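Pasted below: query_9.csv, CSV, C-alpha atoms.
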```
chain,number,residue,atom,x,y,z
A,404,MET,CA,210.5,68.0,-57.1
A,405,ASN,CA,209.9,64.3,-57.5
A,406,GLY,CA,209.2,61.8,-54.7
A,407,ARG,CA,210.1,58.1,-54.7
A,408,ILE,CA,206.6,56.5,-54.3
A,409,HIS,CA,206.0,52.9,-53.4
A,410,SER,CA,202.3,53.0,-54.0
A,411,VAL,CA,199.1,55.1,-53.8
A,412,GLU,CA,195.9,54.1,-52.1
A,413,THR,CA,193.0,56.1,-53.4
A,414,MET,CA,190.3,55.3,-50.8
A,415,GLY,CA,192.0,55.0,-47.4
A,416,THR,CA,189.8,55.1,-44.3
A,417,VAL,CA,192.2,54.4,-41.4
A,418,ASP,CA,195.0,56.9,-42.1
A,419,GLY,CA,193.5,60.0,-40.8
A,420,PRO,CA,190.0,61.6,-40.6
A,421,GLY,CA,187.5,60.9,-43.4
A,422,MET,CA,188.2,59.3,-46.8
A,423,ARG,CA,191.8,59.9,-47.9
A,424,MET,CA,194.3,59.4,-50.7
A,425,VAL,CA,197.3,57.7,-49.0
A,426,VAL,CA,200.7,58.1,-50.5
A,427,PHE,CA,203.3,55.5,-49.4
A,428,LEU,CA,206.9,56.6,-49.8
A,429,GLN,CA,209.8,54.3,-50.5
A,430,GLY,CA,212.6,53.8,-47.9
A,431,CYS,CA,212.7,53.4,-44.2
A,432,PRO,CA,215.6,53.2,-41.6
A,433,MET,CA,213.5,51.3,-39.1
A,434,ARG,CA,213.5,47.5,-39.1
A,435,CYS,CA,210.5,46.8,-36.9
A,436,ALA,CA,210.1,43.1,-36.1
A,437,TYR,CA,206.5,43.2,-37.0
A,438,CYS,CA,206.6,45.5,-40.0
A,439,HIS,CA,204.0,44.3,-42.6
A,440,ASN,CA,205.6,46.3,-45.5
A,441,PRO,CA,209.3,45.2,-45.6
A,442,ASP,CA,209.2,45.9,-49.3
A,443,THR,CA,209.3,49.6,-48.5
A,444,TRP,CA,212.6,49.4,-46.5
A,445,ASP,CA,215.1,49.7,-49.4
A,446,VAL,CA,215.1,53.3,-50.7
A,447,LYS,CA,216.0,52.0,-54.1
A,448,GLY,CA,213.3,49.3,-54.0
A,449,ASP,CA,210.4,48.8,-56.4
A,450,SER,CA,209.0,52.3,-56.7
A,451,GLN,CA,208.2,55.2,-59.2
A,452,LEU,CA,209.1,58.8,-59.3
A,453,MET,CA,206.1,61.1,-59.1
A,454,SER,CA,205.8,64.9,-58.9
A,455,VAL,CA,203.6,67.0,-56.7
A,456,GLU,CA,201.5,67.8,-59.8
A,457,ASP,CA,201.2,64.1,-60.6
A,458,LEU,CA,199.7,63.4,-57.2
A,459,TRP,CA,197.5,66.4,-57.4
A,460,GLN,CA,196.0,65.2,-60.7
A,461,GLN,CA,195.3,61.8,-59.1
A,462,PHE,CA,193.7,63.5,-56.1
A,463,GLU,CA,191.5,65.7,-58.3
A,464,ARG,CA,190.1,62.7,-60.2
A,465,ASN,CA,188.5,61.4,-56.9
A,466,ARG,CA,188.1,64.7,-55.1
A,467,GLN,CA,184.4,64.3,-54.6
A,468,PHE,CA,185.2,61.5,-52.2
A,469,TYR,CA,187.6,63.5,-50.1
A,470,SER,CA,185.3,66.3,-49.0
A,471,ASN,CA,185.7,65.2,-45.3
A,472,GLY,CA,189.2,63.8,-45.7
A,473,GLY,CA,192.3,64.7,-47.5
A,474,ILE,CA,195.8,63.4,-48.2
A,475,THR,CA,198.0,61.2,-46.0
A,476,VAL,CA,201.7,60.6,-46.6
A,477,SER,CA,203.0,57.4,-45.1
A,478,GLY,CA,205.8,54.9,-45.8
A,479,GLY,CA,208.2,53.4,-45.5
A,480,GLU,CA,209.2,56.5,-43.5
A,481,ALA,CA,207.8,59.7,-44.9
A,482,LEU,CA,210.5,61.9,-43.2
A,483,MET,CA,213.2,60.3,-45.3
A,484,GLN,CA,211.9,62.6,-48.1
A,485,ILE,CA,211.1,65.6,-46.0
A,486,GLU,CA,211.7,68.2,-48.7
A,487,PHE,CA,209.3,66.5,-51.0
A,488,VAL,CA,206.6,66.0,-48.4
A,489,THR,CA,206.9,69.7,-47.4
A,490,GLU,CA,206.4,70.8,-51.0
A,491,LEU,CA,203.6,68.3,-51.4
A,492,PHE,CA,201.8,69.5,-48.3
A,493,THR,CA,202.3,73.2,-49.1
A,494,TYR,CA,200.7,72.6,-52.5
A,495,PHE,CA,197.7,70.8,-51.0
A,496,ARG,CA,197.2,73.2,-48.1
A,497,GLU,CA,197.2,76.1,-50.5
A,498,ARG,CA,194.2,74.3,-52.1
A,499,ASN,CA,192.4,73.8,-48.7
A,500,VAL,CA,193.2,70.1,-48.4
A,501,HIS,CA,193.7,68.5,-45.0
A,502,THR,CA,197.2,67.0,-44.8
A,503,CYS,CA,198.3,64.1,-42.6
A,504,LEU,CA,201.8,62.9,-41.9
A,505,ASP,CA,202.0,59.2,-40.8
A,506,THR,CA,205.5,58.8,-39.3
A,507,SER,CA,207.6,57.1,-36.7
A,508,GLY,CA,209.6,60.4,-36.2
A,509,ILE,CA,212.8,58.4,-36.4
A,510,CYS,CA,214.5,60.8,-38.9
A,511,PHE,CA,214.2,63.9,-36.7
A,512,ASP,CA,217.5,65.7,-36.4
A,513,PRO,CA,217.7,68.8,-34.2
A,514,HIS,CA,220.3,70.3,-36.6
A,515,GLN,CA,217.6,70.3,-39.2
A,516,GLU,CA,214.9,71.7,-36.9
A,517,VAL,CA,214.0,74.6,-39.3
A,518,ALA,CA,213.1,72.0,-42.0
A,519,TYR,CA,210.9,70.1,-39.6
A,520,ARG,CA,209.2,73.3,-38.5
A,521,GLN,CA,208.5,74.2,-42.1
A,522,LEU,CA,206.9,70.8,-42.6
A,523,LEU,CA,204.8,70.9,-39.5
A,524,ALA,CA,203.6,74.4,-40.5
A,525,VAL,CA,201.8,72.8,-43.5
A,526,THR,CA,200.7,69.6,-41.7
A,527,SER,CA,197.2,69.4,-40.4
A,528,LEU,CA,197.7,66.2,-38.4
A,529,VAL,CA,200.5,63.9,-37.4
A,530,ILE,CA,199.9,60.2,-36.8
A,531,LEU,CA,202.9,59.2,-34.7
A,532,ASP,CA,203.8,55.5,-34.2
A,533,ILE,CA,205.6,54.8,-30.9
A,534,LYS,CA,206.8,51.2,-30.9
A,535,ASP,CA,207.9,51.0,-27.3
A,536,ILE,CA,208.8,53.6,-24.6
A,537,ASP,CA,211.7,51.6,-23.1
A,538,PRO,CA,214.9,52.5,-24.9
A,539,GLU,CA,216.4,49.0,-24.9
A,540,LYS,CA,213.2,47.3,-25.9
A,541,HIS,CA,212.7,49.9,-28.7
A,542,GLN,CA,216.3,49.3,-30.0
A,543,TRP,CA,215.7,45.6,-30.1
A,544,LEU,CA,212.3,45.9,-31.7
A,545,THR,CA,213.2,48.5,-34.4
A,546,ALA,CA,217.0,48.5,-34.6
A,547,GLN,CA,216.8,52.3,-34.0
A,548,PRO,CA,217.0,54.5,-30.8
A,549,ILE,CA,213.9,56.1,-29.4
A,550,GLU,CA,215.3,59.5,-28.6
A,551,PRO,CA,214.7,61.1,-32.0
A,552,ILE,CA,211.1,60.0,-31.9
A,553,LEU,CA,210.4,61.5,-28.5
A,554,ASN,CA,212.2,64.7,-29.5
A,555,PHE,CA,210.0,64.9,-32.7
A,556,ALA,CA,206.9,64.4,-30.5
A,557,ARG,CA,208.0,67.3,-28.3
A,558,LEU,CA,208.5,69.5,-31.4
A,559,THR,CA,205.0,68.8,-32.6
A,560,ALA,CA,203.7,70.0,-29.2
A,561,GLU,CA,205.9,73.1,-29.3
A,562,VAL,CA,204.4,74.2,-32.6
A,563,ASN,CA,201.0,72.8,-31.6
A,564,THR,CA,200.4,70.4,-34.5
A,565,PRO,CA,197.7,67.9,-33.5
A,566,ILE,CA,198.9,64.3,-33.1
A,567,TRP,CA,197.3,60.9,-32.9
A,568,VAL,CA,199.5,58.3,-31.3
A,569,ARG,CA,199.5,54.7,-32.3
A,570,HIS,CA,201.1,51.8,-30.5
A,571,VAL,CA,201.1,48.1,-31.6
A,572,VAL,CA,200.5,45.6,-28.8
A,573,VAL,CA,202.5,42.4,-29.4
A,574,PRO,CA,201.9,39.4,-27.1
A,575,GLY,CA,204.9,38.7,-25.0
A,576,ILE,CA,206.8,41.6,-26.5
A,577,THR,CA,205.1,45.0,-26.0
A,578,ASP,CA,202.1,43.9,-23.8
A,579,VAL,CA,203.7,45.2,-20.6
A,580,LYS,CA,201.4,47.3,-18.4
A,581,GLU,CA,204.3,49.2,-16.7
A,582,ARG,CA,205.6,50.3,-20.1
A,583,HIS,CA,202.1,51.3,-21.3
A,584,TYR,CA,201.8,53.5,-18.2
A,585,ARG,CA,205.2,55.0,-18.9
A,586,LEU,CA,204.2,55.7,-22.5
A,587,GLY,CA,201.1,57.5,-21.2
A,588,PHE,CA,203.1,59.4,-18.7
A,589,PHE,CA,205.3,60.7,-21.5
A,590,LEU,CA,202.3,61.5,-23.7
A,591,GLY,CA,200.7,63.4,-20.8
A,592,SER,CA,203.5,66.0,-21.1
A,593,LEU,CA,202.3,66.9,-24.7
A,594,ASN,CA,199.5,69.4,-25.0
A,595,ASN,CA,198.6,68.5,-28.6
A,596,ILE,CA,197.4,64.9,-28.2
A,597,GLN,CA,194.0,64.3,-29.8
A,598,ALA,CA,193.8,60.5,-29.7
A,599,VAL,CA,195.7,57.4,-28.5
A,600,ASP,CA,195.1,54.1,-30.3
A,601,CYS,CA,196.7,50.8,-29.2
A,602,LEU,CA,196.4,48.4,-32.1
A,603,PRO,CA,196.5,44.5,-31.8
A,604,TYR,CA,199.4,42.9,-33.5
A,605,HIS,CA,198.5,40.9,-36.6
A,606,VAL,CA,200.4,38.4,-38.8
A,607,MET,CA,199.0,39.4,-42.2
A,608,GLY,CA,202.4,40.5,-43.5
A,609,VAL,CA,204.4,37.4,-42.7
A,610,SER,CA,204.0,36.0,-46.3
A,611,LYS,CA,205.9,39.0,-47.7
A,612,TYR,CA,209.0,38.0,-45.8
A,613,LYS,CA,209.0,34.6,-47.4
A,614,GLU,CA,208.5,36.2,-50.8
A,615,LEU,CA,211.5,38.6,-50.2
A,616,GLY,CA,213.7,35.9,-48.6
A,617,LEU,CA,213.7,37.6,-45.2
A,618,ASP,CA,213.6,36.0,-41.8
A,619,TYR,CA,210.6,37.0,-39.7
A,620,ARG,CA,211.8,37.6,-36.2
A,621,LEU,CA,208.4,37.1,-34.5
A,622,GLU,CA,207.8,33.7,-36.1
A,623,GLY,CA,205.3,31.9,-33.9
A,624,VAL,CA,204.1,34.9,-31.9
A,625,PRO,CA,200.3,34.8,-32.0
A,626,ALA,CA,198.1,37.7,-33.1
A,627,ALA,CA,196.9,40.0,-30.3
A,628,THR,CA,193.3,40.1,-29.2
A,629,LYS,CA,191.2,43.3,-29.3
A,630,ALA,CA,190.8,42.9,-25.5
A,631,LEU,CA,194.6,43.0,-25.1
A,632,ALA,CA,194.8,46.2,-27.1
A,633,THR,CA,191.9,47.7,-25.2
A,634,ASP,CA,193.5,47.1,-21.9
A,635,ALA,CA,196.7,48.7,-23.1
A,636,SER,CA,194.8,51.8,-24.2
A,637,LYS,CA,193.2,52.1,-20.8
A,638,THR,CA,196.7,51.9,-19.1
A,639,VAL,CA,198.2,54.5,-21.5
A,640,VAL,CA,195.3,56.8,-20.7
A,641,GLU,CA,195.9,56.2,-16.9
A,642,GLY,CA,199.5,57.3,-17.4
A,643,ILE,CA,198.4,60.5,-19.3
A,644,LYS,CA,195.9,61.4,-16.5
A,645,ALA,CA,198.5,60.7,-13.8
A,646,TYR,CA,201.0,63.1,-15.5
A,647,ARG,CA,198.4,65.8,-15.9
A,648,ARG,CA,197.0,65.5,-12.4
A,649,HIS,CA,200.6,66.0,-11.1
A,650,TRP,CA,201.2,69.0,-13.3
A,651,TRP,CA,197.7,70.4,-13.3
A,652,ILE,CA,197.3,70.1,-17.0
A,653,PRO,CA,193.6,69.9,-18.3
A,654,ILE,CA,192.7,66.5,-19.6
A,655,LYS,CA,191.2,66.5,-23.1
A,656,THR,CA,188.3,64.1,-23.7
A,657,GLU,CA,188.4,63.8,-27.5
A,658,HIS,CA,188.4,60.4,-29.3
A,659,SER,CA,189.8,57.5,-27.2
A,660,MET,CA,191.3,59.7,-24.5
A,661,SER,CA,187.9,60.0,-22.8
```

As structure tokens - that is how I would like this structure written.
Amino acid sequence: MNGRIHSVETMGTVDGPGMRMVVFLQGCPMRCAYCHNPDTWDVKGDSQLMSVEDLWQQFERNRQFYSNGGITVSGGEALMQIEFVTELFTYFRERNVHTCLDTSGICFDPHQEVAYRQLLAVTSLVILDIKDIDPEKHQWLTAQPIEPILNFARLTAEVNTPIWVRHVVVPGITDVKERHYRLGFFLGSLNNIQAVDCLPYHVMGVSKYKELGLDYRLEGVPAATKALATDASKTVVEGIKAYRRHWWIPIKTEHSMS
């Protein structure tokens, strides 16, 4: 099976544990206002077809660097090519390689739950991006509903696949303490959370919109400070702890959840 690949980064350090080969797939149904890779949206955009074996050969050439890492599949939206990712992860896991799925979860369809369970069975870690916990704000921010994302998160907990959760803090848009607390309260219901990372919004991708002739919806919004993101992380963790105190669920202390 071939996948439609936007690009491959051979030495990724922020897309899962350790040094990783990061495969960016082409195509995404989300239209996040702050997306820094709008060139990955169109499923027929500038990309190349690559097989699982092609990617394995590329991984093997640098395998000495991946002893504490593995492979991450990102996007675009990786779940748009779920059959390919499942085959890819199966191949790599059979060779004792750590597999990480970087996704928004937006493509989750309960009618295809078997396919998602098959993928998660060969996924070592999910990095889940949750843009906003409020349904209306999420729809405005991404042009997509939040329900599939929350349902996908629940499925990862049901099958006990570890997840790291990421949330981008945008000044004046997503930097609302009440919503950060609600996000944490939802995450507290999941028993497979290993880390929560609130990231400061940046403007490094704005130039791509001009190159592609696209309007940038957050024009004029300043980059977020690290302090703003740190405060958001603390509030999310407060929400997690509040949920778990209420339901008597033990609080993990790994990574940024301590």

Please, which residues are within 12 Å of (196.2, 62.2, -58.2) by the file's coordinates, counting all atoms listed in the file, and could they come as a PDB file with C-alpha atoms, keeping the file's coordinate frame?
```pdb
ATOM      1  CA  SER A 410     202.300  53.000 -54.000  1.00  0.00           C
ATOM      2  CA  VAL A 411     199.100  55.100 -53.800  1.00  0.00           C
ATOM      3  CA  GLU A 412     195.900  54.100 -52.100  1.00  0.00           C
ATOM      4  CA  THR A 413     193.000  56.100 -53.400  1.00  0.00           C
ATOM      5  CA  MET A 414     190.300  55.300 -50.800  1.00  0.00           C
ATOM      6  CA  ARG A 423     191.800  59.900 -47.900  1.00  0.00           C
ATOM      7  CA  MET A 424     194.300  59.400 -50.700  1.00  0.00           C
ATOM      8  CA  VAL A 425     197.300  57.700 -49.000  1.00  0.00           C
ATOM      9  CA  VAL A 426     200.700  58.100 -50.500  1.00  0.00           C
ATOM     10  CA  MET A 453     206.100  61.100 -59.100  1.00  0.00           C
ATOM     11  CA  SER A 454     205.800  64.900 -58.900  1.00  0.00           C
ATOM     12  CA  VAL A 455     203.600  67.000 -56.700  1.00  0.00           C
ATOM     13  CA  GLU A 456     201.500  67.800 -59.800  1.00  0.00           C
ATOM     14  CA  ASP A 457     201.200  64.100 -60.600  1.00  0.00           C
ATOM     15  CA  LEU A 458     199.700  63.400 -57.200  1.00  0.00           C
ATOM     16  CA  TRP A 459     197.500  66.400 -57.400  1.00  0.00           C
ATOM     17  CA  GLN A 460     196.000  65.200 -60.700  1.00  0.00           C
ATOM     18  CA  GLN A 461     195.300  61.800 -59.100  1.00  0.00           C
ATOM     19  CA  PHE A 462     193.700  63.500 -56.100  1.00  0.00           C
ATOM     20  CA  GLU A 463     191.500  65.700 -58.300  1.00  0.00           C
ATOM     21  CA  ARG A 464     190.100  62.700 -60.200  1.00  0.00           C
ATOM     22  CA  ASN A 465     188.500  61.400 -56.900  1.00  0.00           C
ATOM     23  CA  ARG A 466     188.100  64.700 -55.100  1.00  0.00           C
ATOM     24  CA  TYR A 469     187.600  63.500 -50.100  1.00  0.00           C
ATOM     25  CA  GLY A 473     192.300  64.700 -47.500  1.00  0.00           C
ATOM     26  CA  ILE A 474     195.800  63.400 -48.200  1.00  0.00           C
ATOM     27  CA  LEU A 491     203.600  68.300 -51.400  1.00  0.00           C
ATOM     28  CA  PHE A 495     197.700  70.800 -51.000  1.00  0.00           C
TER      29      PHE A 495
END
```

(request) Please determine the residues with any atom at most 6 Å from (199.5, 64.4, -42.6) (coordinates as given in the file, with only C-alpha atoms counting) and report them as a PyMOL selection string. (result) chain A and resi 475-476+502-504+526-529

(request) Mind giving me the straight-line distance from atom CA of A:Phe427 to atom CA of A:Asn405 in Å, one decimal? (result)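 Between atom CA of A:Phe427 and atom CA of A:Asn405 the gap works out to 13.7 Å.
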
(message) If I take atom CA of A:Gly608 and atom CA of A:Val571, how far is one from the other in Å, to one decimal?
(response)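 Separation of atom CA of A:Gly608 and atom CA of A:Val571: 14.2 Å.
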
(request) Find the spatial neighbours of A:Cys431, counting all atoms listed in the file, within a cut-off of 12 Å - ignore same-chain residues fewer than 3 positions away - and output them as number ranges by chain. (result) A: 407, 409, 427-428, 434-435, 438, 440-448, 477-484, 506-510, 545-547

For A:Thr493, list every protein, DNA or RNA residue within 10 Å, evaluated using all atoms listed in the file, and leave out those in the same chain fewer than 2 positions away; present the list as a JSON list (two decimals) with C-alpha atoms, keeping the file's coordinate frame.
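File around-v8.json, as written:
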```json
[["chain", "number", "residue", "atom", "x", "y", "z"],
["A", 455, "VAL", "CA", 203.60, 67.00, -56.70],
["A", 487, "PHE", "CA", 209.30, 66.50, -51.00],
["A", 488, "VAL", "CA", 206.60, 66.00, -48.40],
["A", 489, "THR", "CA", 206.90, 69.70, -47.40],
["A", 490, "GLU", "CA", 206.40, 70.80, -51.00],
["A", 491, "LEU", "CA", 203.60, 68.30, -51.40],
["A", 495, "PHE", "CA", 197.70, 70.80, -51.00],
["A", 496, "ARG", "CA", 197.20, 73.20, -48.10],
["A", 497, "GLU", "CA", 197.20, 76.10, -50.50],
["A", 498, "ARG", "CA", 194.20, 74.30, -52.10],
["A", 499, "ASN", "CA", 192.40, 73.80, -48.70],
["A", 500, "VAL", "CA", 193.20, 70.10, -48.40],
["A", 502, "THR", "CA", 197.20, 67.00, -44.80],
["A", 521, "GLN", "CA", 208.50, 74.20, -42.10],
["A", 522, "LEU", "CA", 206.90, 70.80, -42.60],
["A", 524, "ALA", "CA", 203.60, 74.40, -40.50],
["A", 525, "VAL", "CA", 201.80, 72.80, -43.50],
["A", 526, "THR", "CA", 200.70, 69.60, -41.70]]
```

(message) Please compute the atom CA of A:Gly430-atom CA of A:Arg620 distance, one decimal, in Å.
(response)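 Taking atom CA of A:Gly430 as the start and atom CA of A:Arg620 as the end point, the length is 20.0 Å.
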
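When only C-alpha atoms are used to measure the gap to A:Thr559, the shortest distance among A:Asp634, A:Glu516, A:Asp418, A:Asp449 belongs to A:Glu516.
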